$ cat start-v1.cif   # mmCIF, C-alpha atoms
data_final
loop_
_atom_site.label_atom_id
_atom_site.label_comp_id
_atom_site.auth_asym_id
_atom_site.auth_seq_id
_atom_site.Cartn_x
_atom_site.Cartn_y
_atom_site.Cartn_z
CA MET J 1 -0.48 -21.89 36.83
CA PHE J 2 2.57 -20.36 38.41
CA LEU J 3 4.11 -19.34 35.07
CA PHE J 4 1.39 -16.85 34.23
CA ARG J 5 1.52 -13.88 36.58
CA LYS J 6 1.28 -10.89 34.31
CA MET J 7 -1.37 -8.29 33.48
CA GLU J 8 -4.39 -10.45 32.71
CA SER J 9 -6.32 -12.72 35.07
CA HIS J 10 -7.06 -16.36 34.25
CA PRO J 11 -10.86 -15.82 34.23
CA ARG J 12 -10.49 -12.90 31.80
CA SER J 13 -8.37 -15.00 29.43
CA PHE J 14 -10.90 -17.83 29.63
CA VAL J 15 -13.93 -15.58 28.92
CA LYS J 16 -12.10 -14.02 25.96
CA ALA J 17 -11.36 -17.51 24.65
CA VAL J 18 -15.02 -18.58 24.95
CA SER J 19 -16.40 -15.45 23.28
CA TRP J 20 -13.91 -15.75 20.42
CA ARG J 21 -14.76 -19.43 19.94
CA ILE J 22 -18.49 -18.74 19.78
CA LEU J 23 -17.87 -16.36 16.89
CA GLY J 24 -15.40 -18.74 15.27
CA SER J 25 -17.72 -21.72 15.63
CA ILE J 26 -20.59 -19.92 13.98
CA ASP J 27 -18.27 -19.18 11.08
CA THR J 28 -17.06 -22.81 10.97
CA PHE J 29 -20.62 -24.13 11.08
CA ILE J 30 -21.74 -21.91 8.22
CA TRP J 31 -18.75 -22.79 6.02
CA SER J 32 -19.07 -26.50 6.86
CA LEU J 33 -22.75 -26.37 5.95
CA VAL J 34 -22.00 -24.62 2.66
CA MET J 35 -19.28 -27.15 1.77
CA THR J 36 -21.03 -30.37 2.89
CA GLY J 37 -24.72 -29.49 2.64
CA SER J 38 -25.27 -31.48 5.84
CA ILE J 39 -26.40 -29.86 9.08
CA LYS J 40 -25.32 -32.97 11.01
CA VAL J 41 -21.76 -32.94 9.63
CA ALA J 42 -21.48 -29.16 9.98
CA GLY J 43 -22.65 -29.39 13.61
CA SER J 44 -20.19 -32.17 14.39
CA ILE J 45 -17.30 -30.18 12.94
CA ALA J 46 -18.33 -27.05 14.85
CA VAL J 47 -18.65 -28.90 18.20
CA PHE J 48 -15.25 -30.55 17.91
CA GLU J 49 -13.68 -27.31 16.76
CA VAL J 50 -15.07 -25.24 19.65
CA LEU J 51 -13.78 -27.64 22.29
CA SER J 52 -10.29 -27.90 20.89
CA LYS J 53 -9.80 -24.26 20.06
CA ILE J 54 -11.00 -22.82 23.39
CA PHE J 55 -8.10 -24.54 25.09
CA LEU J 56 -5.62 -23.70 22.35
CA PHE J 57 -6.57 -20.02 22.48
CA TYR J 58 -6.44 -19.88 26.29
CA PHE J 59 -2.91 -21.25 26.45
CA HIS J 60 -1.85 -19.11 23.49
CA GLU J 61 -3.05 -15.99 25.34
CA ARG J 62 -1.33 -17.02 28.58
CA LEU J 63 1.96 -17.69 26.80
CA TRP J 64 1.79 -14.32 25.03
CA ASP J 65 1.25 -12.74 28.45
CA LEU J 66 4.83 -13.78 29.25
CA VAL J 67 6.22 -11.85 26.27
CA PRO J 68 7.10 -8.25 27.22
CA TRP J 69 7.44 -7.11 23.58
CA GLY J 70 4.92 -4.45 22.56
CA ARG J 71 3.55 -3.76 26.04
CA ARG J 72 3.04 -0.28 27.33
CA HIS J 73 4.18 0.11 30.88
CA HIS J 74 1.98 2.29 33.02
CA ALA J 75 3.69 4.93 35.14
CA PRO J 76 3.45 4.27 38.87
CA PRO J 77 0.91 6.42 40.72
CA PRO J 78 2.36 9.70 42.06
CA GLN J 79 3.61 9.57 45.63
CA PRO J 80 2.26 12.15 48.06
CA ALA J 81 4.72 14.90 48.97
CA PRO J 82 6.26 14.50 52.43
CA GLN J 83 4.71 16.76 55.05
CA PRO J 84 7.07 19.08 56.95
CA ALA J 85 7.54 18.24 60.62
CA MET J 86 5.76 20.62 62.99
CA ALA J 87 7.84 22.31 65.66
CA SER J 88 6.61 21.94 69.23
#

$ encode --input "start-v1.cif" --output "structure tokens"
Amino acid sequence: MFLFRKMESHPRSFVKAVSWRILGSIDTFIWSLVMTGSIKVAGSIAVFEVLSKIFLFYFHERLWDLVPWGRRHHAPPPQPAPQPAMAS
């Protein structure tokens, strides 16, 4: 997407989204199981939730990448000193 050209690559944002959703889905599955007592219902909730929230998180991250607030700007690398010209 042409709007997202900041510090973080698209693959990095996607992998972060997937790893976060795995953790979140385990949590959702456990709580759904506790509340319903049904593995089938808890699994259905967790599957739906993982698919929807991976995409929500990805786009949330990419939109936040457009916001400059709170970023630390790195200093540019030092430039080499100019070399004096040698007399012939």

$ closest_atom_pairs --input "start-v1.cif" --of "region 12-40 of chain J" --to "region 57-61 of chain J" --cutoff "7 Å" --atoms "all atoms listed in the file" --output "CSV"
residue,atom,partner,partner_atom,distance
J:Ser13,CA,J:Tyr58,CA,6.1
J:Phe14,CA,J:Tyr58,CA,5.9
J:Ala17,CA,J:Tyr58,CA,5.7

$ atom_distance --input "start-v1.cif" --atom1 "CA of Leu51 (chain J)" --atom2 "CA of Phe29 (chain J)"
13.6 Å

$ closest_residue --input "start-v1.cif" --among "J:Val34, J:Leu63, J:Met86, J:Gly24" --to "Ala46 (chain J)" --atoms "all atoms listed in the file"
J:Gly24

$ residues_near_point --input "start-v1.cif" --point "(3.2, -13.4, 27.2)" --cutoff "12 Å" --atoms "all atoms listed in the file" --output "list of chain:residue names"
J:Leu3, J:Phe4, J:Arg5, J:Lys6, J:Met7, J:Glu8, J:Ser13, J:Tyr58, J:Phe59, J:His60, J:Glu61, J:Arg62, J:Leu63, J:Trp64, J:Asp65, J:Leu66, J:Val67, J:Pro68, J:Trp69, J:Gly70, J:Arg71

$ write_last_selection --input "start-v1.cif" --atoms "C-alpha atoms" --output "CSV table (one decimal), keeping the file's coordinate frame"
chain,number,residue,atom,x,y,z
J,3,LEU,CA,4.1,-19.3,35.1
J,4,PHE,CA,1.4,-16.8,34.2
J,5,ARG,CA,1.5,-13.9,36.6
J,6,LYS,CA,1.3,-10.9,34.3
J,7,MET,CA,-1.4,-8.3,33.5
J,8,GLU,CA,-4.4,-10.4,32.7
J,13,SER,CA,-8.4,-15.0,29.4
J,58,TYR,CA,-6.4,-19.9,26.3
J,59,PHE,CA,-2.9,-21.2,26.4
J,60,HIS,CA,-1.8,-19.1,23.5
J,61,GLU,CA,-3.0,-16.0,25.3
J,62,ARG,CA,-1.3,-17.0,28.6
J,63,LEU,CA,2.0,-17.7,26.8
J,64,TRP,CA,1.8,-14.3,25.0
J,65,ASP,CA,1.2,-12.7,28.4
J,66,LEU,CA,4.8,-13.8,29.2
J,67,VAL,CA,6.2,-11.8,26.3
J,68,PRO,CA,7.1,-8.2,27.2
J,69,TRP,CA,7.4,-7.1,23.6
J,70,GLY,CA,4.9,-4.4,22.6
J,71,ARG,CA,3.6,-3.8,26.0

$ closest_residue --input "start-v1.cif" --among "J:Val50, J:Phe55, J:Arg72, J:Pro78" --to "Leu23 (chain J)" --atoms "all atoms listed in the file"
J:Val50

$ resolve_selection --input "start-v1.cif" --expression "the PyMOL selection byres ((chain J and resi 43) around 12)" --output "JSON list (two decimals) with C-alpha atoms, in the coordinates of the input"
[["chain", "number", "residue", "atom", "x", "y", "z"],
["J", 25, "SER", "CA", -17.72, -21.72, 15.63],
["J", 26, "ILE", "CA", -20.59, -19.92, 13.98],
["J", 27, "ASP", "CA", -18.27, -19.18, 11.08],
["J", 28, "THR", "CA", -17.06, -22.81, 10.97],
["J", 29, "PHE", "CA", -20.62, -24.13, 11.08],
["J", 30, "ILE", "CA", -21.74, -21.91, 8.22],
["J", 31, "TRP", "CA", -18.75, -22.79, 6.02],
["J", 32, "SER", "CA", -19.07, -26.50, 6.86],
["J", 33, "LEU", "CA", -22.75, -26.37, 5.95],
["J", 34, "VAL", "CA", -22.00, -24.62, 2.66],
["J", 36, "THR", "CA", -21.03, -30.37, 2.89],
["J", 37, "GLY", "CA", -24.72, -29.49, 2.64],
["J", 38, "SER", "CA", -25.27, -31.48, 5.84],
["J", 39, "ILE", "CA", -26.40, -29.86, 9.08],
["J", 40, "LYS", "CA", -25.32, -32.97, 11.01],
["J", 41, "VAL", "CA", -21.76, -32.94, 9.63],
["J", 42, "ALA", "CA", -21.48, -29.16, 9.98],
["J", 44, "SER", "CA", -20.19, -32.17, 14.39],
["J", 45, "ILE", "CA", -17.30, -30.18, 12.94],
["J", 46, "ALA", "CA", -18.33, -27.05, 14.85],
["J", 47, "VAL", "CA", -18.65, -28.90, 18.20],
["J", 48, "PHE", "CA", -15.25, -30.55, 17.91],
["J", 49, "GLU", "CA", -13.68, -27.31, 16.76],
["J", 50, "VAL", "CA", -15.07, -25.24, 19.65]]

$ atom_distance --input "start-v1.cif" --atom1 "CA of Ser19 (chain J)" --atom2 "CA of Ser52 (chain J)"
14.1 Å

$ atom_distance --input "start-v1.cif" --atom1 "CA of Arg12 (chain J)" --atom2 "CA of His73 (chain J)"
19.6 Å

$ build_atoms --input "start-v1.cif" --residues "region 49-61 of chain J" --atoms "N, CA and C atoms" --output "short mmCIF file (atom, residue, chain, number, x, y, z; two decimals), keeping the file's coordinate frame"
data_model
loop_
_atom_site.label_atom_id
_atom_site.label_comp_id
_atom_site.auth_asym_id
_atom_site.auth_seq_id
_atom_site.Cartn_x
_atom_site.Cartn_y
_atom_site.Cartn_z
N GLU J 49 -14.53 -28.48 16.94
CA GLU J 49 -13.68 -27.31 16.76
C GLU J 49 -13.77 -26.36 17.96
N VAL J 50 -14.94 -26.16 18.51
CA VAL J 50 -15.07 -25.24 19.65
C VAL J 50 -14.34 -25.78 20.87
N LEU J 51 -14.44 -27.07 21.11
CA LEU J 51 -13.78 -27.64 22.29
C LEU J 51 -12.26 -27.57 22.18
N SER J 52 -11.74 -27.91 21.04
CA SER J 52 -10.29 -27.90 20.89
C SER J 52 -9.71 -26.49 20.88
N LYS J 53 -10.38 -25.59 20.23
CA LYS J 53 -9.80 -24.26 20.06
C LYS J 53 -9.98 -23.35 21.26
N ILE J 54 -10.92 -23.60 22.14
CA ILE J 54 -11.00 -22.82 23.39
C ILE J 54 -9.72 -23.02 24.18
N PHE J 55 -9.30 -24.26 24.31
CA PHE J 55 -8.10 -24.54 25.09
C PHE J 55 -6.84 -24.05 24.39
N LEU J 56 -6.78 -24.20 23.08
CA LEU J 56 -5.62 -23.70 22.35
C LEU J 56 -5.50 -22.18 22.49
N PHE J 57 -6.61 -21.47 22.36
CA PHE J 57 -6.57 -20.02 22.48
C PHE J 57 -6.19 -19.58 23.89
N TYR J 58 -6.73 -20.23 24.90
CA TYR J 58 -6.44 -19.88 26.29
C TYR J 58 -4.93 -19.97 26.55
N PHE J 59 -4.33 -21.09 26.20
CA PHE J 59 -2.91 -21.25 26.45
C PHE J 59 -2.07 -20.34 25.56
N HIS J 60 -2.52 -20.07 24.36
CA HIS J 60 -1.85 -19.11 23.49
C HIS J 60 -1.83 -17.72 24.13
N GLU J 61 -2.96 -17.29 24.66
CA GLU J 61 -3.05 -15.99 25.34
C GLU J 61 -2.13 -15.94 26.56
#
